[in-house]
Amino acid sequence: MAAYQTVVVGTDGSDSSYLAVDRAAHIAADAGATLVIACAYHPARQDDVARAQDELGDDVAYQVVGSTPAEDSVRTAAERARAAGATKIDTVVVDGEPVATLAKVVRERGADLLVVGNRGLNTLAGRILGSVPSEAARKSKIDVLIVRTT
């Protein structure tokens, strides 16, 4: 089996997603591969953001705000990836759902490995609604690494 050429990793700005970025960066560095760090977002009105923060709490509400936090997330992820030894790093921020966004980035970049964290796999909501890691693995046509981050 040849080494991976393009590794895509998803981040949502959470600490657990950054652990997946760290693992993906090590793999990309070892393989001399390009690392593509992707973040999905939905534009949100300020009143929606305030309501989300009130209802969900600040630790979850970051997932529902516009592109600025997403851009900050991929910037931070790229810094971590460089520190982990990755040298060829691209970032992409896409308006859309996480799994569809990852599939689109994988397809457009011709990736041969997708890396995601395991967050949501063992939660009740994840079992009922489906989690990003399980849905990404089920729908992917390439290798998927689910990193234990929790």
# chains A, B, ... in the order shown; residues from 1 in each chain; ligands from 1

$ residues_around --residues "range 66-81 of chain A" --least-positions-apart "3" --cutoff "10 Å" --atoms "only C-alpha atoms" --output "count of residues only"
45

$ atom_distance --atom1 "CA of Lys141 in chain A" --atom2 "CA of Leu113 in chain A"
9.6 Å

$ closest_residue --among "A:Glu135, A:Val115, A:Asp15, A:Ala2" --to "Glu97 in chain A" --atoms "only C-alpha atoms"
A:Glu135

$ residues_around --residues "range 145-147 of chain A" --least-positions-apart "2" --cutoff "7 Å" --atoms "only C-alpha atoms" --output "JSON, numbers by chain"
{"A": [20, 114, 115, 116, 117, 118, 133, 143, 149]}

$ closest_residue --among "A:Arg109, A:Asp30, A:Asp47, A:Arg82" --to "Val8 in chain A" --atoms "only C-alpha atoms"
A:Arg109

$ atom_distance --atom1 "CA of Leu102 in chain A" --atom2 "CA of Ala136 in chain A"
7.7 Å

$ closest_residue --among "A:Val7, A:Ile142, A:Val99, A:Gly110" --to "Ala31 in chain A" --atoms "only C-alpha atoms"
A:Val7

$ closest_residue --among "A:Val132, A:Val105, A:Ala137, A:Ala111" --to "Ala3 in chain A" --atoms "only C-alpha atoms"
A:Ala111

$ atom_distance --atom1 "CA of Gly32 in chain A" --atom2 "CA of Tyr4 in chain A"
8.1 Å

$ decode --residues "range 7-49 of chain A" --atoms "N, CA and C atoms" --output "PDB file, in the first residue's frame"
ATOM      1  N   VAL A   7      -4.459  14.107   3.104  1.00  0.00           N
ATOM      2  CA  VAL A   7      -5.213  13.779   4.314  1.00  0.00           C
ATOM      3  C   VAL A   7      -6.137  14.948   4.623  1.00  0.00           C
ATOM      4  N   VAL A   8      -7.426  14.658   4.775  1.00  0.00           N
ATOM      5  CA  VAL A   8      -8.399  15.674   5.165  1.00  0.00           C
ATOM      6  C   VAL A   8      -8.795  15.412   6.606  1.00  0.00           C
ATOM      7  N   VAL A   9      -8.819  16.460   7.401  1.00  0.00           N
ATOM      8  CA  VAL A   9      -9.273  16.358   8.790  1.00  0.00           C
ATOM      9  C   VAL A   9     -10.311  17.439   9.046  1.00  0.00           C
ATOM     10  N   GLY A  10     -11.360  17.059   9.761  1.00  0.00           N
ATOM     11  CA  GLY A  10     -12.394  18.016  10.108  1.00  0.00           C
ATOM     12  C   GLY A  10     -12.166  18.575  11.496  1.00  0.00           C
ATOM     13  N   THR A  11     -12.466  19.862  11.656  1.00  0.00           N
ATOM     14  CA  THR A  11     -12.410  20.483  12.975  1.00  0.00           C
ATOM     15  C   THR A  11     -13.625  21.367  13.152  1.00  0.00           C
ATOM     16  N   ASP A  12     -14.088  21.441  14.389  1.00  0.00           N
ATOM     17  CA  ASP A  12     -15.176  22.365  14.711  1.00  0.00           C
ATOM     18  C   ASP A  12     -14.732  23.371  15.763  1.00  0.00           C
ATOM     19  N   GLY A  13     -13.429  23.398  16.041  1.00  0.00           N
ATOM     20  CA  GLY A  13     -12.906  24.333  17.017  1.00  0.00           C
ATOM     21  C   GLY A  13     -12.897  23.801  18.438  1.00  0.00           C
ATOM     22  N   SER A  14     -13.389  22.599  18.635  1.00  0.00           N
ATOM     23  CA  SER A  14     -13.399  22.022  19.979  1.00  0.00           C
ATOM     24  C   SER A  14     -12.037  21.411  20.298  1.00  0.00           C
ATOM     25  N   ASP A  15     -11.764  21.267  21.576  1.00  0.00           N
ATOM     26  CA  ASP A  15     -10.507  20.647  21.989  1.00  0.00           C
ATOM     27  C   ASP A  15     -10.383  19.235  21.428  1.00  0.00           C
ATOM     28  N   SER A  16     -11.488  18.484  21.433  1.00  0.00           N
ATOM     29  CA  SER A  16     -11.407  17.111  20.930  1.00  0.00           C
ATOM     30  C   SER A  16     -11.116  17.077  19.430  1.00  0.00           C
ATOM     31  N   SER A  17     -11.653  18.033  18.675  1.00  0.00           N
ATOM     32  CA  SER A  17     -11.363  18.040  17.235  1.00  0.00           C
ATOM     33  C   SER A  17      -9.902  18.391  16.971  1.00  0.00           C
ATOM     34  N   TYR A  18      -9.312  19.206  17.849  1.00  0.00           N
ATOM     35  CA  TYR A  18      -7.897  19.530  17.688  1.00  0.00           C
ATOM     36  C   TYR A  18      -7.011  18.309  17.942  1.00  0.00           C
ATOM     37  N   LEU A  19      -7.467  17.381  18.765  1.00  0.00           N
ATOM     38  CA  LEU A  19      -6.710  16.137  18.949  1.00  0.00           C
ATOM     39  C   LEU A  19      -6.702  15.317  17.657  1.00  0.00           C
ATOM     40  N   ALA A  20      -7.816  15.335  16.929  1.00  0.00           N
ATOM     41  CA  ALA A  20      -7.867  14.662  15.626  1.00  0.00           C
ATOM     42  C   ALA A  20      -6.929  15.360  14.641  1.00  0.00           C
ATOM     43  N   VAL A  21      -6.867  16.691  14.702  1.00  0.00           N
ATOM     44  CA  VAL A  21      -5.943  17.449  13.848  1.00  0.00           C
ATOM     45  C   VAL A  21      -4.503  17.051  14.149  1.00  0.00           C
ATOM     46  N   ASP A  22      -4.176  16.923  15.441  1.00  0.00           N
ATOM     47  CA  ASP A  22      -2.818  16.526  15.819  1.00  0.00           C
ATOM     48  C   ASP A  22      -2.455  15.174  15.208  1.00  0.00           C
ATOM     49  N   ARG A  23      -3.372  14.202  15.304  1.00  0.00           N
ATOM     50  CA  ARG A  23      -3.104  12.865  14.753  1.00  0.00           C
ATOM     51  C   ARG A  23      -2.957  12.930  13.234  1.00  0.00           C
ATOM     52  N   ALA A  24      -3.846  13.655  12.574  1.00  0.00           N
ATOM     53  CA  ALA A  24      -3.790  13.791  11.115  1.00  0.00           C
ATOM     54  C   ALA A  24      -2.481  14.456  10.695  1.00  0.00           C
ATOM     55  N   ALA A  25      -2.041  15.441  11.459  1.00  0.00           N
ATOM     56  CA  ALA A  25      -0.788  16.135  11.139  1.00  0.00           C
ATOM     57  C   ALA A  25       0.404  15.203  11.236  1.00  0.00           C
ATOM     58  N   HIS A  26       0.419  14.355  12.254  1.00  0.00           N
ATOM     59  CA  HIS A  26       1.512  13.384  12.378  1.00  0.00           C
ATOM     60  C   HIS A  26       1.527  12.419  11.194  1.00  0.00           C
ATOM     61  N   ILE A  27       0.348  11.964  10.798  1.00  0.00           N
ATOM     62  CA  ILE A  27       0.253  11.052   9.643  1.00  0.00           C
ATOM     63  C   ILE A  27       0.730  11.752   8.378  1.00  0.00           C
ATOM     64  N   ALA A  28       0.269  12.976   8.166  1.00  0.00           N
ATOM     65  CA  ALA A  28       0.671  13.732   6.976  1.00  0.00           C
ATOM     66  C   ALA A  28       2.174  13.980   6.982  1.00  0.00           C
ATOM     67  N   ALA A  29       2.727  14.334   8.137  1.00  0.00           N
ATOM     68  CA  ALA A  29       4.171  14.583   8.232  1.00  0.00           C
ATOM     69  C   ALA A  29       4.960  13.316   7.907  1.00  0.00           C
ATOM     70  N   ASP A  30       4.557  12.188   8.482  1.00  0.00           N
ATOM     71  CA  ASP A  30       5.262  10.928   8.237  1.00  0.00           C
ATOM     72  C   ASP A  30       5.188  10.500   6.778  1.00  0.00           C
ATOM     73  N   ALA A  31       4.068  10.781   6.125  1.00  0.00           N
ATOM     74  CA  ALA A  31       3.864  10.357   4.738  1.00  0.00           C
ATOM     75  C   ALA A  31       4.314  11.402   3.727  1.00  0.00           C
ATOM     76  N   GLY A  32       4.647  12.609   4.189  1.00  0.00           N
ATOM     77  CA  GLY A  32       4.959  13.693   3.258  1.00  0.00           C
ATOM     78  C   GLY A  32       3.726  14.136   2.496  1.00  0.00           C
ATOM     79  N   ALA A  33       2.563  13.950   3.112  1.00  0.00           N
ATOM     80  CA  ALA A  33       1.287  14.242   2.459  1.00  0.00           C
ATOM     81  C   ALA A  33       0.848  15.678   2.717  1.00  0.00           C
ATOM     82  N   THR A  34      -0.073  16.140   1.890  1.00  0.00           N
ATOM     83  CA  THR A  34      -0.730  17.421   2.117  1.00  0.00           C
ATOM     84  C   THR A  34      -1.834  17.208   3.133  1.00  0.00           C
ATOM     85  N   LEU A  35      -1.911  18.086   4.109  1.00  0.00           N
ATOM     86  CA  LEU A  35      -2.965  18.048   5.117  1.00  0.00           C
ATOM     87  C   LEU A  35      -3.962  19.155   4.797  1.00  0.00           C
ATOM     88  N   VAL A  36      -5.220  18.782   4.641  1.00  0.00           N
ATOM     89  CA  VAL A  36      -6.288  19.745   4.391  1.00  0.00           C
ATOM     90  C   VAL A  36      -7.167  19.777   5.631  1.00  0.00           C
ATOM     91  N   ILE A  37      -7.235  20.930   6.272  1.00  0.00           N
ATOM     92  CA  ILE A  37      -8.029  21.109   7.483  1.00  0.00           C
ATOM     93  C   ILE A  37      -9.328  21.795   7.078  1.00  0.00           C
ATOM     94  N   ALA A  38     -10.454  21.126   7.348  1.00  0.00           N
ATOM     95  CA  ALA A  38     -11.756  21.629   6.910  1.00  0.00           C
ATOM     96  C   ALA A  38     -12.656  21.926   8.102  1.00  0.00           C
ATOM     97  N   CYS A  39     -13.439  22.984   7.959  1.00  0.00           N
ATOM     98  CA  CYS A  39     -14.417  23.351   8.983  1.00  0.00           C
ATOM     99  C   CYS A  39     -15.707  23.791   8.295  1.00  0.00           C
ATOM    100  N   ALA A  40     -16.811  23.194   8.725  1.00  0.00           N
ATOM    101  CA  ALA A  40     -18.130  23.571   8.212  1.00  0.00           C
ATOM    102  C   ALA A  40     -18.752  24.603   9.142  1.00  0.00           C
ATOM    103  N   TYR A  41     -19.579  25.456   8.595  1.00  0.00           N
ATOM    104  CA  TYR A  41     -20.282  26.449   9.410  1.00  0.00           C
ATOM    105  C   TYR A  41     -21.585  26.827   8.732  1.00  0.00           C
ATOM    106  N   HIS A  42     -22.444  27.466   9.485  1.00  0.00           N
ATOM    107  CA  HIS A  42     -23.667  28.071   8.962  1.00  0.00           C
ATOM    108  C   HIS A  42     -23.676  29.522   9.393  1.00  0.00           C
ATOM    109  N   PRO A  43     -23.929  30.457   8.479  1.00  0.00           N
ATOM    110  CA  PRO A  43     -24.048  31.853   8.892  1.00  0.00           C
ATOM    111  C   PRO A  43     -25.190  31.988   9.903  1.00  0.00           C
ATOM    112  N   ALA A  44     -24.991  32.819  10.898  1.00  0.00           N
ATOM    113  CA  ALA A  44     -26.024  32.990  11.914  1.00  0.00           C
ATOM    114  C   ALA A  44     -26.230  34.472  12.204  1.00  0.00           C
ATOM    115  N   ARG A  45     -27.481  34.816  12.454  1.00  0.00           N
ATOM    116  CA  ARG A  45     -27.789  36.182  12.867  1.00  0.00           C
ATOM    117  C   ARG A  45     -27.397  36.328  14.332  1.00  0.00           C
ATOM    118  N   GLN A  46     -27.076  37.541  14.749  1.00  0.00           N
ATOM    119  CA  GLN A  46     -26.613  37.786  16.116  1.00  0.00           C
ATOM    120  C   GLN A  46     -27.630  37.336  17.155  1.00  0.00           C
ATOM    121  N   ASP A  47     -28.928  37.559  16.895  1.00  0.00           N
ATOM    122  CA  ASP A  47     -29.930  37.134  17.883  1.00  0.00           C
ATOM    123  C   ASP A  47     -29.994  35.616  17.990  1.00  0.00           C
ATOM    124  N   ASP A  48     -29.730  34.905  16.879  1.00  0.00           N
ATOM    125  CA  ASP A  48     -29.666  33.441  16.924  1.00  0.00           C
ATOM    126  C   ASP A  48     -28.472  32.980  17.752  1.00  0.00           C
ATOM    127  N   VAL A  49     -27.354  33.673  17.614  1.00  0.00           N
ATOM    128  CA  VAL A  49     -26.152  33.338  18.377  1.00  0.00           C
ATOM    129  C   VAL A  49     -26.417  33.534  19.869  1.00  0.00           C
TER     130      VAL A  49
END
